[in-house]
$ cat start.txt   # compact mmCIF, C-alpha atoms and all ligand atoms
# COMPACT_ATOMS: atom_id res chain seq x y z
CA MET C 7 3.14 -4.21 -28.20
CA THR C 8 -0.67 -4.12 -28.65
CA LYS C 9 -2.19 -0.71 -28.11
CA ILE C 10 -4.80 -0.77 -25.33
CA PRO C 11 -8.04 0.88 -26.54
CA PRO C 12 -9.06 3.98 -24.59
CA VAL C 13 -12.00 3.80 -22.21
CA THR C 14 -15.25 5.18 -23.62
CA ASP C 15 -17.58 4.07 -20.81
CA TRP C 16 -16.15 3.87 -17.29
CA ALA C 17 -19.26 2.13 -15.93
CA THR C 18 -18.89 -0.93 -18.17
CA ASP C 19 -15.25 -0.87 -19.31
CA TYR C 20 -13.04 0.80 -16.65
CA ASP C 21 -9.27 0.50 -16.77
CA PHE C 22 -7.31 1.05 -13.57
CA PHE C 23 -4.11 1.38 -15.66
CA ASP C 24 -5.45 4.18 -17.86
CA PRO C 25 -2.74 6.91 -17.65
CA ASP C 26 -5.24 9.74 -17.02
CA TYR C 27 -6.98 7.70 -14.33
CA ILE C 28 -3.66 7.04 -12.62
CA LYS C 29 -2.84 10.76 -12.69
CA ASP C 30 -6.21 11.81 -11.28
CA PRO C 31 -8.86 9.15 -10.63
CA ALA C 32 -11.30 11.42 -8.74
CA PRO C 33 -13.36 12.59 -11.77
CA VAL C 34 -14.03 8.96 -12.73
CA TRP C 35 -15.17 8.09 -9.20
CA LYS C 36 -17.49 11.09 -9.21
CA GLU C 37 -19.00 10.04 -12.54
CA LEU C 38 -19.45 6.43 -11.36
CA ARG C 39 -21.06 7.40 -8.06
CA GLY C 40 -23.65 9.38 -10.02
CA LYS C 41 -24.55 6.72 -12.55
CA CYS C 42 -23.42 3.27 -11.50
CA PRO C 43 -22.71 2.25 -7.90
CA ILE C 44 -20.84 -0.91 -8.97
CA ALA C 45 -18.91 -0.61 -12.24
CA HIS C 46 -17.70 -3.55 -14.31
CA THR C 47 -14.87 -4.28 -16.71
CA GLU C 48 -13.65 -7.19 -18.80
CA ARG C 49 -10.13 -5.71 -18.85
CA TRP C 50 -7.26 -7.27 -16.89
CA GLY C 51 -9.13 -10.52 -16.29
CA GLY C 52 -12.42 -8.81 -15.42
CA SER C 53 -13.65 -7.27 -12.16
CA TRP C 54 -16.40 -5.34 -10.38
CA MET C 55 -15.67 -1.98 -8.74
CA PRO C 56 -17.84 -0.26 -6.13
CA THR C 57 -16.95 3.34 -5.31
CA SER C 58 -19.12 4.21 -2.30
CA TYR C 59 -18.02 4.20 1.33
CA GLU C 60 -21.14 2.24 2.29
CA ASN C 61 -20.38 -0.57 -0.18
CA MET C 62 -16.76 -0.78 0.96
CA GLN C 63 -17.88 -1.14 4.59
CA ALA C 64 -20.26 -3.93 3.61
CA PHE C 65 -17.91 -5.81 1.27
CA VAL C 66 -14.94 -6.08 3.66
CA ARG C 67 -17.24 -7.83 6.11
CA MET C 68 -18.55 -10.39 3.58
CA VAL C 69 -16.25 -13.14 4.76
CA PRO C 70 -15.95 -15.89 3.55
CA GLU C 71 -18.31 -15.06 0.64
CA LEU C 72 -15.58 -12.68 -0.55
CA SER C 73 -12.21 -14.36 -0.10
CA SER C 74 -8.77 -12.76 0.35
CA ARG C 75 -6.95 -15.68 -1.27
CA ASN C 76 -6.10 -13.38 -4.15
CA VAL C 77 -5.98 -9.70 -3.27
CA MET C 78 -4.21 -8.53 -6.41
CA LEU C 79 -6.14 -6.40 -8.87
CA VAL C 80 -4.83 -8.54 -11.72
CA SER C 81 -4.58 -12.30 -11.14
CA PRO C 82 -1.58 -14.06 -12.68
CA PRO C 83 -2.66 -16.24 -15.63
CA LYS C 84 -3.12 -19.90 -14.85
CA SER C 85 -0.22 -22.00 -16.11
CA ASP C 86 1.45 -25.24 -15.02
CA GLU C 87 4.76 -23.47 -14.63
CA PHE C 88 3.25 -20.75 -12.50
CA ASP C 89 1.35 -23.26 -10.36
CA ALA C 90 4.52 -25.29 -9.79
CA GLU C 91 6.36 -22.15 -8.73
CA LEU C 92 3.58 -21.16 -6.37
CA ALA C 93 3.47 -24.66 -4.91
CA GLU C 94 7.19 -24.49 -4.22
CA TYR C 95 7.10 -21.10 -2.53
CA GLY C 96 3.64 -21.17 -1.01
CA SER C 97 0.75 -19.57 -2.82
CA SER C 98 -0.08 -17.05 -0.18
CA ALA C 99 1.22 -14.11 1.80
CA PRO C 100 -0.37 -14.55 5.23
CA PRO C 101 -2.21 -12.85 6.84
CA ILE C 102 -3.25 -10.65 3.90
CA THR C 103 -4.21 -13.61 1.71
CA SER C 104 -5.66 -15.72 4.53
CA ASP C 105 -9.33 -16.42 5.17
CA PRO C 106 -10.87 -17.81 8.37
CA PRO C 107 -9.93 -19.88 10.29
CA GLU C 108 -6.23 -19.37 9.36
CA HIS C 109 -6.37 -15.60 9.23
CA ILE C 110 -6.61 -14.62 12.92
CA PRO C 111 -3.68 -16.74 14.22
CA MET C 112 -1.46 -15.48 11.38
CA ARG C 113 -2.48 -11.86 12.02
CA ARG C 114 -1.77 -12.31 15.74
CA LEU C 115 1.85 -13.11 14.89
CA ILE C 116 2.28 -9.82 13.05
CA LEU C 117 0.34 -7.39 15.28
CA PRO C 118 2.84 -7.30 18.21
CA LEU C 119 5.55 -6.09 15.79
CA PHE C 120 3.60 -2.89 15.09
CA THR C 121 1.94 -1.86 18.37
CA PRO C 122 2.37 1.82 19.32
CA LYS C 123 5.00 0.73 21.87
CA ALA C 124 6.95 -1.35 19.34
CA VAL C 125 6.78 1.47 16.80
CA ALA C 126 8.08 3.97 19.41
CA ASP C 127 11.25 1.85 19.59
CA TYR C 128 11.80 2.22 15.81
CA ARG C 129 11.25 6.00 15.94
CA PRO C 130 14.84 7.13 16.73
CA PHE C 131 16.10 5.12 13.73
CA THR C 132 13.60 6.75 11.35
CA GLU C 133 14.22 10.23 12.79
CA GLN C 134 17.97 9.98 12.23
CA LEU C 135 17.37 8.53 8.77
CA CYS C 136 15.21 11.53 7.70
CA HIS C 137 17.95 13.93 8.83
CA ASP C 138 20.70 11.93 7.10
CA LEU C 139 18.75 11.86 3.83
CA ILE C 140 18.17 15.62 3.90
CA ASP C 141 21.86 16.20 4.78
CA GLY C 142 22.65 14.36 1.54
CA PHE C 143 20.96 16.93 -0.74
CA ILE C 144 20.11 20.11 1.16
CA ASP C 145 23.24 22.01 0.09
CA GLN C 146 22.55 21.32 -3.55
CA GLY C 147 19.17 23.14 -3.40
CA SER C 148 17.35 20.43 -5.35
CA CYS C 149 16.41 16.77 -5.15
CA ASP C 150 13.97 14.19 -6.39
CA ALA C 151 11.73 14.10 -3.31
CA ALA C 152 10.32 10.71 -4.33
CA LEU C 153 13.61 8.97 -5.09
CA ASP C 154 16.10 10.78 -2.85
CA TYR C 155 13.82 11.08 0.19
CA ALA C 156 10.34 9.50 0.42
CA VAL C 157 11.21 5.99 -0.80
CA HIS C 158 14.14 5.49 1.59
CA ILE C 159 12.10 6.15 4.73
CA PRO C 160 9.82 3.08 4.61
CA ALA C 161 12.40 0.94 2.78
CA LYS C 162 15.22 1.45 5.28
CA THR C 163 12.90 1.36 8.29
CA ILE C 164 11.30 -1.97 7.31
CA ALA C 165 14.76 -3.39 6.50
CA TYR C 166 15.86 -2.33 10.00
CA ILE C 167 12.76 -3.92 11.58
CA ILE C 168 13.06 -7.22 9.69
CA GLY C 169 16.81 -7.22 10.33
CA VAL C 170 18.04 -7.27 6.73
CA ASP C 171 20.97 -5.37 5.24
CA GLY C 172 20.02 -1.66 5.11
CA ASN C 173 22.63 -1.10 2.37
CA ARG C 174 20.59 -3.28 0.00
CA THR C 175 17.39 -1.21 0.13
CA ASP C 176 17.78 0.03 -3.48
CA GLU C 177 17.63 -3.62 -4.52
CA PHE C 178 14.58 -4.27 -2.28
CA VAL C 179 12.79 -1.27 -3.77
CA GLY C 180 13.57 -2.58 -7.28
CA TRP C 181 12.08 -5.98 -6.40
CA VAL C 182 8.96 -4.52 -4.81
CA ARG C 183 8.40 -2.15 -7.73
CA GLY C 184 8.97 -5.05 -10.12
CA LEU C 185 6.26 -7.00 -8.33
CA VAL C 186 3.67 -4.31 -7.48
CA GLU C 187 4.14 -1.87 -10.36
CA GLN C 188 5.45 -3.74 -13.41
CA GLY C 189 4.37 -7.27 -12.38
CA MET C 190 0.71 -6.30 -12.31
CA GLN C 191 0.70 -5.88 -16.10
CA ASP C 192 3.40 -8.42 -16.91
CA PRO C 193 3.16 -11.97 -15.45
CA VAL C 194 6.76 -12.81 -16.43
CA LYS C 195 8.03 -9.92 -14.32
CA LEU C 196 5.65 -10.81 -11.51
CA LYS C 197 7.06 -14.31 -11.39
CA HIS C 198 10.65 -13.10 -11.68
CA TYR C 199 10.45 -10.66 -8.76
CA ARG C 200 8.34 -12.92 -6.62
CA HIS C 201 11.03 -15.59 -7.05
CA ILE C 202 13.82 -13.19 -6.10
CA ILE C 203 12.05 -12.03 -2.92
CA ARG C 204 11.11 -15.57 -1.87
CA ASP C 205 14.66 -16.87 -2.50
CA PHE C 206 16.15 -13.98 -0.53
CA PHE C 207 13.99 -14.69 2.52
CA ALA C 208 14.30 -18.48 2.18
CA GLU C 209 18.06 -18.15 2.57
CA LEU C 210 17.69 -15.83 5.54
CA VAL C 211 15.07 -18.01 7.26
CA ASP C 212 17.31 -21.07 6.89
CA ALA C 213 20.27 -19.12 8.30
CA ARG C 214 18.21 -18.03 11.34
CA LYS C 215 16.94 -21.59 11.81
CA ALA C 216 20.52 -22.78 12.02
CA ASN C 217 21.71 -19.80 14.10
CA PRO C 218 18.89 -17.90 15.84
CA LYS C 219 19.50 -14.21 16.53
CA ASP C 220 17.61 -11.56 18.47
CA ASP C 221 15.60 -10.46 15.43
CA LEU C 222 12.17 -10.61 13.81
CA ILE C 223 12.76 -13.74 11.73
CA SER C 224 14.12 -15.72 14.69
CA ASN C 225 11.18 -14.48 16.73
CA LEU C 226 8.66 -15.64 14.11
CA LEU C 227 10.41 -19.02 13.85
CA SER C 228 10.11 -19.51 17.61
CA GLN C 229 6.30 -18.95 17.64
CA GLU C 230 3.65 -21.65 17.57
CA ILE C 231 0.08 -21.94 16.29
CA ASN C 232 -2.06 -24.60 18.02
CA GLY C 233 1.07 -26.08 19.56
CA GLN C 234 2.81 -26.44 16.18
CA PRO C 235 5.84 -24.40 15.07
CA ILE C 236 5.09 -22.01 12.21
CA ALA C 237 5.92 -23.59 8.87
CA ARG C 238 9.16 -22.36 7.25
CA LYS C 239 7.14 -21.49 4.14
CA ALA C 240 4.79 -19.29 6.16
CA VAL C 241 7.65 -17.34 7.78
CA ILE C 242 9.18 -16.73 4.33
CA ALA C 243 5.81 -15.55 2.99
CA MET C 244 5.20 -13.25 5.98
CA CYS C 245 8.60 -11.57 5.56
CA ASP C 246 7.83 -11.19 1.86
CA LEU C 247 4.52 -9.51 2.74
CA LEU C 248 6.13 -7.12 5.24
CA LEU C 249 8.66 -5.98 2.64
CA VAL C 250 6.05 -5.56 -0.08
CA ALA C 251 3.36 -3.99 2.16
CA GLY C 252 5.88 -1.78 3.89
CA ILE C 253 7.53 0.03 0.97
CA ASP C 254 5.36 1.22 -1.96
CA THR C 255 2.43 2.10 0.33
CA THR C 256 4.11 4.55 2.69
CA TRP C 257 6.44 5.82 -0.04
CA SER C 258 3.28 6.78 -1.94
CA SER C 259 1.70 8.54 1.04
CA ILE C 260 4.79 10.58 1.87
CA GLY C 261 5.34 11.43 -1.81
CA SER C 262 1.69 12.44 -2.38
CA ALA C 263 1.81 14.68 0.70
CA LEU C 264 4.97 16.44 -0.53
CA TRP C 265 3.47 16.76 -4.01
CA HIS C 266 0.34 18.32 -2.48
CA PHE C 267 2.35 20.94 -0.58
CA ALA C 268 4.44 21.76 -3.64
CA MET C 269 1.28 22.23 -5.74
CA ASN C 270 -0.64 24.16 -3.06
CA PRO C 271 1.52 26.96 -1.64
CA ASP C 272 -1.23 28.15 0.75
CA ASP C 273 -1.33 24.77 2.46
CA ARG C 274 2.49 24.64 2.47
CA LEU C 275 2.75 28.03 4.18
CA ARG C 276 0.07 27.06 6.69
CA MET C 277 1.80 23.77 7.49
CA ALA C 278 5.15 25.49 7.97
CA ALA C 279 3.59 28.08 10.29
CA GLU C 280 1.33 25.72 12.28
CA PRO C 281 3.13 22.45 13.06
CA ASP C 282 0.38 21.62 15.60
CA LEU C 283 -1.71 20.73 12.55
CA PHE C 284 0.38 17.64 11.76
CA PRO C 285 -1.96 15.10 13.42
CA THR C 286 -5.08 16.18 11.50
CA ALA C 287 -3.12 17.03 8.33
CA ILE C 288 -1.63 13.52 8.14
CA GLU C 289 -5.05 11.88 8.45
CA GLU C 290 -6.43 14.22 5.81
CA LEU C 291 -3.58 13.49 3.39
CA LEU C 292 -4.07 9.76 4.01
CA ARG C 293 -7.75 10.20 3.18
CA PHE C 294 -7.32 12.37 0.13
CA TYR C 295 -4.36 10.53 -1.43
CA SER C 296 -5.15 7.00 -0.15
CA PRO C 297 -2.68 4.83 -2.03
CA VAL C 298 -3.98 1.26 -1.62
CA THR C 299 -6.70 -0.59 -3.55
CA MET C 300 -7.24 -4.29 -2.83
CA ALA C 301 -9.33 -7.10 -4.29
CA ARG C 302 -11.42 -10.07 -3.20
CA VAL C 303 -12.67 -13.16 -5.00
CA ALA C 304 -16.31 -14.26 -4.72
CA THR C 305 -16.64 -17.81 -3.40
CA GLU C 306 -20.38 -18.05 -4.01
CA GLU C 307 -23.10 -16.18 -5.87
CA ILE C 308 -23.74 -12.82 -4.18
CA GLU C 309 -26.58 -10.42 -5.02
CA VAL C 310 -25.91 -6.74 -4.34
CA GLY C 311 -28.66 -4.46 -5.61
CA ASP C 312 -29.14 -5.36 -9.26
CA VAL C 313 -25.62 -6.82 -9.58
CA SER C 314 -24.83 -10.47 -9.15
CA PHE C 315 -21.26 -11.67 -8.47
CA LYS C 316 -20.56 -15.24 -9.62
CA PRO C 317 -18.07 -17.57 -7.88
CA GLY C 318 -14.56 -16.61 -9.05
CA ASP C 319 -15.52 -12.99 -9.83
CA LYS C 320 -13.06 -10.34 -8.69
CA VAL C 321 -14.33 -7.44 -6.59
CA VAL C 322 -12.11 -4.38 -6.31
CA LEU C 323 -12.06 -2.71 -2.88
CA ASN C 324 -11.44 0.86 -3.89
CA PHE C 325 -10.65 2.41 -0.49
CA PRO C 326 -9.32 5.59 -2.18
CA ALA C 327 -12.69 6.17 -3.91
CA ALA C 328 -14.65 5.52 -0.69
CA ASN C 329 -12.54 8.19 1.02
CA ARG C 330 -13.83 10.80 -1.43
CA ASP C 331 -17.49 9.88 -0.96
CA PRO C 332 -19.43 13.13 -0.42
CA ALA C 333 -22.13 11.18 1.47
CA VAL C 334 -19.60 10.73 4.28
CA PHE C 335 -17.06 13.57 3.96
CA GLU C 336 -18.02 17.23 3.78
CA ASP C 337 -16.06 18.94 0.98
CA ALA C 338 -14.79 15.48 0.04
CA ASP C 339 -12.76 16.79 -2.92
CA LYS C 340 -10.91 19.39 -0.85
CA VAL C 341 -7.87 18.92 1.37
CA VAL C 342 -8.83 20.41 4.75
CA LEU C 343 -5.69 20.31 6.91
CA ASP C 344 -7.61 20.72 10.16
CA ARG C 345 -10.50 18.37 9.28
CA GLN C 346 -11.93 17.25 12.62
CA ARG C 347 -14.27 14.41 11.65
CA ASN C 348 -12.32 12.07 9.43
CA ARG C 349 -13.31 8.40 9.51
CA HIS C 350 -11.19 7.55 6.47
CA ILE C 351 -10.46 3.96 5.49
CA ALA C 352 -7.07 4.39 3.80
CA PHE C 353 -5.81 1.48 5.93
CA GLY C 354 -8.80 -0.65 4.98
CA ILE C 355 -11.39 -1.75 7.49
CA GLY C 356 -12.71 -4.98 8.91
CA PRO C 357 -10.76 -8.16 9.59
CA HIS C 358 -7.80 -7.33 7.30
CA ARG C 359 -7.36 -3.71 8.42
CA CYS C 360 -3.71 -2.71 7.96
CA ALA C 361 -1.45 -4.27 10.58
CA GLY C 362 1.27 -1.68 9.93
CA SER C 363 -0.77 1.53 10.32
CA ASN C 364 1.07 2.70 13.46
CA LEU C 365 4.36 2.31 11.63
CA ALA C 366 3.08 4.05 8.49
CA ARG C 367 1.78 7.00 10.54
CA MET C 368 5.07 7.31 12.45
CA GLU C 369 7.07 7.29 9.18
CA MET C 370 4.78 9.82 7.56
CA GLU C 371 4.81 12.13 10.55
CA LEU C 372 8.60 12.17 10.87
CA ALA C 373 9.13 12.43 7.12
CA LEU C 374 6.91 15.53 6.87
CA ARG C 375 7.76 17.17 10.20
CA ILE C 376 11.53 16.98 9.60
CA TRP C 377 11.16 18.05 5.95
CA PHE C 378 9.16 21.14 7.00
CA GLU C 379 11.60 21.99 9.82
CA ARG C 380 14.53 21.93 7.44
CA ILE C 381 13.00 22.81 4.04
CA PRO C 382 9.90 24.95 4.59
CA GLU C 383 10.20 26.60 1.15
CA PHE C 384 10.09 24.27 -1.85
CA LYS C 385 8.51 23.91 -5.28
CA LEU C 386 8.41 21.56 -8.23
CA THR C 387 10.99 22.42 -10.88
CA ASP C 388 8.68 21.03 -13.56
CA PRO C 389 5.18 19.74 -12.64
CA ASP C 390 5.01 17.90 -16.00
CA ALA C 391 8.05 15.81 -15.07
CA VAL C 392 6.16 14.22 -12.15
CA THR C 393 5.29 10.57 -12.82
CA TRP C 394 2.73 8.42 -10.98
CA ALA C 395 2.40 4.70 -10.32
CA GLY C 396 -1.15 3.39 -10.09
CA GLY C 397 -3.30 0.30 -9.91
CA GLN C 398 -2.85 -1.48 -6.61
CA VAL C 399 -0.74 1.30 -5.07
CA ARG C 400 -0.94 4.89 -6.30
CA GLY C 401 1.70 7.54 -5.65
CA PRO C 402 4.31 9.78 -7.30
CA ARG C 403 7.53 8.15 -8.46
CA HIS C 404 9.45 11.28 -9.61
CA LEU C 405 9.19 14.60 -7.80
CA PRO C 406 11.84 17.05 -9.02
CA PHE C 407 12.02 19.75 -6.29
CA ARG C 408 13.93 23.03 -5.94
CA PHE C 409 14.35 24.86 -2.62
C1 LIG C 501 0.32 4.55 4.23
C2 LIG C 501 0.73 3.30 4.24
C3 LIG C 501 -0.15 2.10 4.19
C4 LIG C 501 -1.41 1.96 3.70
C5 LIG C 501 -2.29 3.04 3.07
C6 LIG C 501 -1.80 0.58 3.90
C7 LIG C 501 -3.02 0.06 3.53
C8 LIG C 501 -3.43 -1.22 3.80
C9 LIG C 501 -4.73 -1.74 3.47
C10 LIG C 501 -5.82 -0.98 2.71
C11 LIG C 501 -4.81 -3.01 3.95
C12 LIG C 501 -6.04 -3.91 3.91
C13 LIG C 501 -5.91 -5.05 2.97
C14 LIG C 501 -7.20 -5.79 2.72
O1 LIG C 501 -8.27 -5.46 3.24
O2 LIG C 501 -7.12 -6.73 1.90
C15 LIG C 501 -3.52 -3.31 4.56
C16 LIG C 501 -3.20 -4.53 5.13
C17 LIG C 501 -1.95 -4.80 5.67
N1 LIG C 501 -0.88 -3.94 5.79
FE1 LIG C 501 -0.86 -1.98 5.25
N2 LIG C 501 -0.77 -0.08 4.50
C18 LIG C 501 0.25 0.80 4.71
C19 LIG C 501 1.47 0.54 5.30
C20 LIG C 501 1.84 -0.67 5.83
C21 LIG C 501 3.09 -0.94 6.48
C22 LIG C 501 4.20 0.06 6.70
C23 LIG C 501 3.08 -2.25 6.86
C24 LIG C 501 4.13 -3.05 7.57
C25 LIG C 501 5.28 -3.25 7.18
C26 LIG C 501 1.80 -2.80 6.45
C27 LIG C 501 1.41 -4.10 6.67
C28 LIG C 501 0.16 -4.61 6.37
C29 LIG C 501 -0.24 -5.98 6.66
C30 LIG C 501 0.62 -7.05 7.31
C31 LIG C 501 -1.57 -6.10 6.22
C32 LIG C 501 -2.44 -7.35 6.27
C33 LIG C 501 -3.32 -7.38 7.50
C34 LIG C 501 -4.27 -8.58 7.51
O3 LIG C 501 -4.53 -9.15 6.45
O4 LIG C 501 -4.72 -8.95 8.59
N3 LIG C 501 1.08 -1.83 5.83
N4 LIG C 501 -2.71 -2.21 4.46
$ encode --input "start.txt" --output "structure tokens" --more "lines below"
Ligand code: HEM
Amino acid sequence: MTKIPPVTDWATDYDFFDPDYIKDPAPVWKELRGKCPIAHTERWGGSWMPTSYENMQAFVRMVPELSSRNVMLVSPPKSDEFDAELAEYGSSAPPITSDPPEHIPMRRLILPLFTPKAVADYRPFTEQLCHDLIDGFIDQGSCDAALDYAVHIPAKTIAYIIGVDGNRTDEFVGWVRGLVEQGMQDPVKLKHYRHIIRDFFAELVDARKANPKDDLISNLLSQEINGQPIARKAVIAMCDLLLVAGIDTTWSSIGSALWHFAMNPDDRLRMAAEPDLFPTAIEELLRFYSPVTMARVATEEIEVGDVSFKPGDKVVLNFPAANRDPAVFEDADKVVLDRQRNRHIAFGIGPHRCAGSNLARMEMELALRIWFERIPEFKLTDPDAVTWAGGQVRGPRHLPFRF
């Protein structure tokens, strides 16, 4: 395997897969804000990366000059085989990869699934799940909080919502990690896992077409856009998106929050003593450890300051960096559990703002509240054994805890 050269200048040669950057990207953002508002790299197919809150607010609204047709940080290489595969399965994952005019009708299909009222109906399932998971390891006095706890909460809840077999969530997690974590740096893996997920939902969609049930897939199949039934391909792609968007993201937020409390005993003690802080603490942890970075593709030449994006250029929407911008957040590099003014954009902003934010907040709240009720005292057995995933979605993937 070729060794990737280390970064010597983050302004002109950044690498979102650099291991130190994945572990702690904040020093790089600070450096870039000071010397280069929009950084550039030729790595991973090339891209531009703004780090300020102001730029992020402006760029999400540049539609259609900046298109969502490819939101991945690393585009798959062009190849006939890949194109044929995409043509077979549909090249997009609506609504996240849709531009106007298709975007709004596709988004409208998804939004009712995640209203506060809809999410309240899923709450008892997630609450019981958190207790069952803790029952599984509490007597042993140790666990991997990422793998034995955090990951199962979004994975089993989204499986329950979509109506797929909750006993297969380890497999679903493997597919999503294959796609989002390994696939980003390895197109063969990307294709492999994409295929598996699409095939899985294709089978399920066909089964529901033949025998409708009272579930999400049957509901999507019964909807219409402009008087036309939704295409089979689009329903498959939407289910794919819900699985992928629903797992790594919230897993990362729950895991980062637990990591924070293990590393900062003062905050842990305060949280255990003052559960009324959960609402502000959750928003603050979402701000500080924002997991999701997205991308856009320029469809025309765009001038921003002294930078010019050419058609086809990739622009990285670094929501996590914007959330640490000291121009907007006082003490931006500190976790303030009772922060009152917190207009973070961890869920994005603008037309593609996260459709699942009510669900993510509910999962995070229950995961942390129940953990603190049952395990208020905990620490990392070995902070060096913690591993992080990064790139599109950043969060801890191993958290060995003792309690
Ligand atoms: C803490 C957890 C989560 C974070 C930080 C997060 C973050 C984001 C971000 C930043 C976007 C904007 C994408 C863009 O502008 O291109 C987004 C979009 C989206 N998210 Fe989430 N997400 C989370 C959890 C979820 C969950 C649990 C679901 C549902 C299963 C979900 C479903 C979606 C969908 C469907 C979109 C596309 C909306 C559109 O394009 O109109 N997300 N998310």
$ closest_atom_pairs --input "start.txt" --of "chain C" --to "ligand LIG 501 (chain C)" --cutoff "6 Å" --atoms "all atoms listed in the file" --output "JSON lines"
{"residue": "C:Pro101", "atom": "CA", "partner": "C:LIG501", "partner_atom": "O3", "distance": 4.4}
{"residue": "C:Ile102", "atom": "CA", "partner": "C:LIG501", "partner_atom": "O3", "distance": 3.2}
{"residue": "C:Arg113", "atom": "CA", "partner": "C:LIG501", "partner_atom": "O4", "distance": 5.0}
{"residue": "C:Leu248", "atom": "CA", "partner": "C:LIG501", "partner_atom": "C25", "distance": 4.4}
{"residue": "C:Ala251", "atom": "CA", "partner": "C:LIG501", "partner_atom": "C26", "distance": 4.7}
{"residue": "C:Gly252", "atom": "CA", "partner": "C:LIG501", "partner_atom": "C25", "distance": 3.7}
{"residue": "C:Thr255", "atom": "CA", "partner": "C:LIG501", "partner_atom": "C2", "distance": 4.4}
{"residue": "C:Thr256", "atom": "CA", "partner": "C:LIG501", "partner_atom": "C2", "distance": 3.9}
{"residue": "C:Ser259", "atom": "CA", "partner": "C:LIG501", "partner_atom": "C1", "distance": 5.3}
{"residue": "C:Ser296", "atom": "CA", "partner": "C:LIG501", "partner_atom": "C5", "distance": 5.9}
{"residue": "C:Pro297", "atom": "CA", "partner": "C:LIG501", "partner_atom": "C5", "distance": 5.4}
{"residue": "C:Val298", "atom": "CA", "partner": "C:LIG501", "partner_atom": "C10", "distance": 5.2}
{"residue": "C:Met300", "atom": "CA", "partner": "C:LIG501", "partner_atom": "O2", "distance": 5.3}
{"residue": "C:Ala352", "atom": "CA", "partner": "C:LIG501", "partner_atom": "C5", "distance": 5.0}
{"residue": "C:Phe353", "atom": "CA", "partner": "C:LIG501", "partner_atom": "C7", "distance": 3.9}
{"residue": "C:Gly354", "atom": "CA", "partner": "C:LIG501", "partner_atom": "C10", "distance": 3.8}
{"residue": "C:His358", "atom": "CA", "partner": "C:LIG501", "partner_atom": "O4", "distance": 3.7}
{"residue": "C:Arg359", "atom": "CA", "partner": "C:LIG501", "partner_atom": "C12", "distance": 4.7}
{"residue": "C:Cys360", "atom": "CA", "partner": "C:LIG501", "partner_atom": "C16", "distance": 3.4}
{"residue": "C:Ala361", "atom": "CA", "partner": "C:LIG501", "partner_atom": "C29", "distance": 4.4}
{"residue": "C:Gly362", "atom": "CA", "partner": "C:LIG501", "partner_atom": "C23", "distance": 3.6}
{"residue": "C:Ser363", "atom": "CA", "partner": "C:LIG501", "partner_atom": "C19", "distance": 5.6}
{"residue": "C:Leu365", "atom": "CA", "partner": "C:LIG501", "partner_atom": "C22", "distance": 5.4}
{"residue": "C:Ala366", "atom": "CA", "partner": "C:LIG501", "partner_atom": "C22", "distance": 4.5}
$ residues_around --input "start.txt" --residues "range 399-408 of chain C" --least-positions-apart "5" --cutoff "9 Å" --atoms "all atoms listed in the file" --output "JSON, numbers by chain"
{"C": [28, 29, 147, 148, 149, 150, 151, 152, 153, 157, 186, 187, 254, 255, 257, 258, 259, 260, 261, 262, 264, 265, 268, 295, 296, 297, 298, 299, 300, 383, 384, 385, 386, 387, 388, 389, 391, 392, 393, 394]}
$ write_last_selection --input "start.txt" --atoms "C-alpha atoms" --output "short mmCIF file (atom, residue, chain, number, x, y, z; two decimals), in the frame of the given file"
data_model
loop_
_atom_site.label_atom_id
_atom_site.label_comp_id
_atom_site.auth_asym_id
_atom_site.auth_seq_id
_atom_site.Cartn_x
_atom_site.Cartn_y
_atom_site.Cartn_z
CA ILE C 28 -3.66 7.04 -12.62
CA LYS C 29 -2.84 10.76 -12.69
CA GLY C 147 19.17 23.14 -3.40
CA SER C 148 17.35 20.43 -5.35
CA CYS C 149 16.41 16.77 -5.15
CA ASP C 150 13.97 14.19 -6.39
CA ALA C 151 11.73 14.10 -3.31
CA ALA C 152 10.32 10.71 -4.33
CA LEU C 153 13.61 8.97 -5.09
CA VAL C 157 11.21 5.99 -0.80
CA VAL C 186 3.67 -4.31 -7.48
CA GLU C 187 4.14 -1.87 -10.36
CA ASP C 254 5.36 1.22 -1.96
CA THR C 255 2.43 2.10 0.33
CA TRP C 257 6.44 5.82 -0.04
CA SER C 258 3.28 6.78 -1.94
CA SER C 259 1.70 8.54 1.04
CA ILE C 260 4.79 10.58 1.87
CA GLY C 261 5.34 11.43 -1.81
CA SER C 262 1.69 12.44 -2.38
CA LEU C 264 4.97 16.44 -0.53
CA TRP C 265 3.47 16.76 -4.01
CA ALA C 268 4.44 21.76 -3.64
CA TYR C 295 -4.36 10.53 -1.43
CA SER C 296 -5.15 7.00 -0.15
CA PRO C 297 -2.68 4.83 -2.03
CA VAL C 298 -3.98 1.26 -1.62
CA THR C 299 -6.70 -0.59 -3.55
CA MET C 300 -7.24 -4.29 -2.83
CA GLU C 383 10.20 26.60 1.15
CA PHE C 384 10.09 24.27 -1.85
CA LYS C 385 8.51 23.91 -5.28
CA LEU C 386 8.41 21.56 -8.23
CA THR C 387 10.99 22.42 -10.88
CA ASP C 388 8.68 21.03 -13.56
CA PRO C 389 5.18 19.74 -12.64
CA ALA C 391 8.05 15.81 -15.07
CA VAL C 392 6.16 14.22 -12.15
CA THR C 393 5.29 10.57 -12.82
CA TRP C 394 2.73 8.42 -10.98
#
$ atom_distance --input "start.txt" --atom1 "CA of Thr18 in chain C" --atom2 "CA of Gly51 in chain C"
13.8 Å
$ closest_residue --input "start.txt" --among "C:Val342, C:Met244, C:Ala287, C:Ala395" --to "Arg183 in chain C" --atoms "all atoms listed in the file"
C:Ala395
